[in-house]
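To start, the structure under review is shown below, and the notes come after it.
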Amino acid sequence: MSDARDPADPHAIAAWAEQAAPALELRVDAPPVATRIGGGFSNLTFRLDWTTRDGAPRRAVLRRPPPDVVPQGGAHDMLREWRVLRAVHGSAVPVPTPLAACEDAAVLGAPFYLMAHVDGTIVRTLDDAPLLRDAGAMRRFAEATVDGLAALHALPVAAMPGFDQARAATYGARQVETWARRWTAARTSGIPDEPARGVFAWLASRATPCAAPALLHNDWKFDNLLVHADAPWQLHAVLDWEMATTGDPAYDLGTTLGYWMQPDDPAPLVRLALGITTAEGCLAREEVVARYEAARGERIADPVACWAFGLAKVAVIALQLHARHVAGRVRDDRYAPLGQVAVLLMQTADSAIRRDSLRAN
């Protein structure tokens, strides 16, 4: 049965905060104004604005899963995201200050947490930060993005929530198996099984134990970064830690590469517009790998396998969303063409493997 409650009911939030987070000074008699922000396919994010008892304006951000979605395999698990945020806060990787978490699903229909609001810009198009039309500025932004990922992977992994050395060591093999299984489960009529079967078999043959695991973000890309529009190479905060875990950092770099198109890619890839990585001045994928290696002081053993994994993973994500549309579980027209997007990305992974190259043509 659908939960018809307001997913960010201000009265419920204020009543909960009065007991569980009094320092926020959320008033039951003057509940916050909740405004939906962001336009992703996954969890819900709301900006909360309220006035304290002494008249001071306050602002925070609430994160929660969509109504009627049960957290599974880390997806939509806001309490896990909360724990990671607390572990990373205060490190070299900037994140919003975690404020309070609610484990009681009865309050809003699902667990949720609050974090401090951080001023900044999320760059999805060049209109969000026009300065990036300058090639030099675009290059600095791309370099800062790669450097930030390297800084994340340098954090002390043993201090991270749920760290298990033995499990982290087998991360790669488990990831390949997981995404292969999800591809099979999400396939709908008209989606071929090849070349996906061959791509995942090849990736499985390349998966090796990880001797130096790290904290992984698992969705490190431009539109999960808050930056200053006039200095976009200054990262104010990294967002969306939903899928963070510990494991082989090469697979985290691979996910980033999976979204990283470049202007000399075939036109269908460029048209996907998965970000602004095709803008003049942005790093090419080979430069991304080289920059990451320099920042980490170590080599990536198999860059093509990283990219192929990233492409396959993003393909599965697109296919899963498409399958939800085909099944009638969502009516968002953005989902309709994602089946063919998945096919294109998997074909690109297959081509990269066959040519042993980080170039798509």
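A note on labels: chains of the structure tokens are A, B, ... as shown, every chain counts residues from 1, and ligands are counted from 1 in their shown order.
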Find the nearest atom pair between each residue of stretch 152-256 of chain A and stretch 83-91 of chain A for residues within 8 Å, count only C-alpha atoms, give distances in Å to one decimal, sort rows by chain and ascending number, and present the table as a tab-separated table.
```
residue	atom	partner	partner_atom	distance
A:Leu155	CA	A:Ser91	CA	7.8
A:Ala159	CA	A:Ala87	CA	7.5
A:Met160	CA	A:Ala87	CA	6.1
A:Pro161	CA	A:Val84	CA	6.4
A:Trp241	CA	A:Val84	CA	7.1
A:Ala244	CA	A:Val84	CA	7.2
```
Just-selected residues, N, CA and C atoms written as a compact mmCIF listing (two decimals), in the first residue's frame:
```txt
# COMPACT_ATOMS: atom_id res chain seq x y z
N LEU A 155 42.32 8.48 2.61
CA LEU A 155 41.87 8.54 4.00
C LEU A 155 42.12 7.20 4.71
N ALA A 159 39.32 3.27 9.74
CA ALA A 159 38.42 4.05 10.60
C ALA A 159 37.03 4.20 10.01
N MET A 160 36.80 3.64 8.83
CA MET A 160 35.53 3.84 8.15
C MET A 160 34.48 2.83 8.62
N PRO A 161 33.20 3.23 8.61
CA PRO A 161 32.13 2.34 9.09
C PRO A 161 32.09 1.02 8.33
N TRP A 241 26.51 10.29 -0.65
CA TRP A 241 27.37 9.20 -0.16
C TRP A 241 26.58 7.89 0.00
N ALA A 244 28.56 4.69 -0.75
CA ALA A 244 29.93 4.60 -0.25
C ALA A 244 30.17 3.27 0.46
```
Tell me which protein, DNA and RNA residues are within 12 Å of stretch 177-179 of chain A, counting only C-alpha atoms, leaving out same-chain ones fewer than 2 positions away, and put them as a PyMOL selection string. chain A and resi 73+170-175+181-186+196-197+199-205+207+309-320
Could you take the residues named above and write them with C-alpha atoms, as a compact mmCIF listing (two decimals), in the first residue's frame?
```txt
# COMPACT_ATOMS: atom_id res chain seq x y z
CA GLY A 73 22.36 -3.60 -0.87
CA THR A 170 37.41 -9.39 -2.67
CA TYR A 171 35.51 -6.25 -3.65
CA GLY A 172 36.30 -6.37 -7.37
CA ALA A 173 35.11 -9.91 -8.00
CA ARG A 174 31.94 -9.30 -6.01
CA GLN A 175 31.23 -6.08 -7.89
CA ARG A 181 23.43 -10.37 -12.10
CA ARG A 182 21.62 -7.04 -12.14
CA TRP A 183 21.98 -6.78 -15.91
CA THR A 184 20.34 -10.18 -16.35
CA ALA A 185 17.53 -9.31 -13.93
CA ALA A 186 16.81 -5.96 -15.62
CA ALA A 196 27.21 -7.80 -21.88
CA ARG A 197 27.87 -11.47 -21.21
CA VAL A 199 32.14 -7.92 -21.02
CA PHE A 200 31.32 -9.30 -17.57
CA ALA A 201 33.20 -12.54 -18.25
CA TRP A 202 36.30 -10.55 -19.24
CA LEU A 203 35.98 -8.29 -16.18
CA ALA A 204 35.67 -11.34 -13.94
CA SER A 205 38.89 -12.74 -15.40
CA ALA A 207 39.42 -9.09 -11.01
CA PHE A 309 33.77 -1.70 -15.56
CA GLY A 310 32.53 1.89 -15.23
CA LEU A 311 30.74 1.74 -18.57
CA ALA A 312 29.15 -1.61 -17.71
CA LYS A 313 28.02 -0.36 -14.30
CA VAL A 314 26.45 2.80 -15.70
CA ALA A 315 24.82 0.67 -18.40
CA VAL A 316 23.20 -1.52 -15.75
CA ILE A 317 21.99 1.51 -13.80
CA ALA A 318 20.37 2.86 -16.97
CA LEU A 319 18.84 -0.53 -17.75
CA GLN A 320 17.38 -0.89 -14.27
```
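You can rank A:Ile37, A:Ala101, A:Ala151, A:Leu338 by their closest distance to A:Val238 using only C-alpha atoms, and at the top of that list sits A:Ala151.
With only C-alpha atoms as the atoms that count, the residue of A:Ile276, A:Leu114, A:Val326, A:Leu239 with the shortest distance to A:Ala20 is A:Leu114.
Going from atom CA of A:Leu99 to atom CA of A:Glu18 covers 13.6 Å.
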Among stretch 122-357 of chain A, which residues does DSSP mark as alpha helix (DSSP H) when it is run on the backbone? Keep the chain and numbering as in the structure and answer as a ChimeraX atom specification. /A:135-153,165-169,171-186,196-206,249-258,267-271,285-296,303-326,338-355
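When only C-alpha atoms are used to measure the gap to A:His325, the shortest distance among A:Pro337, A:Gly247, A:Pro130, A:Gly190 belongs to A:Pro337.
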Write out as a list in words the residues lying within 9 Å of A:His153, counting only C-alpha atoms and excluding same-chain residues fewer than 3 positions away. Gly148, Leu149, Ala150, Pro156, Val157, Pro213, Ala214, Leu215, Leu216, Pro249 and Arg296 of chain A
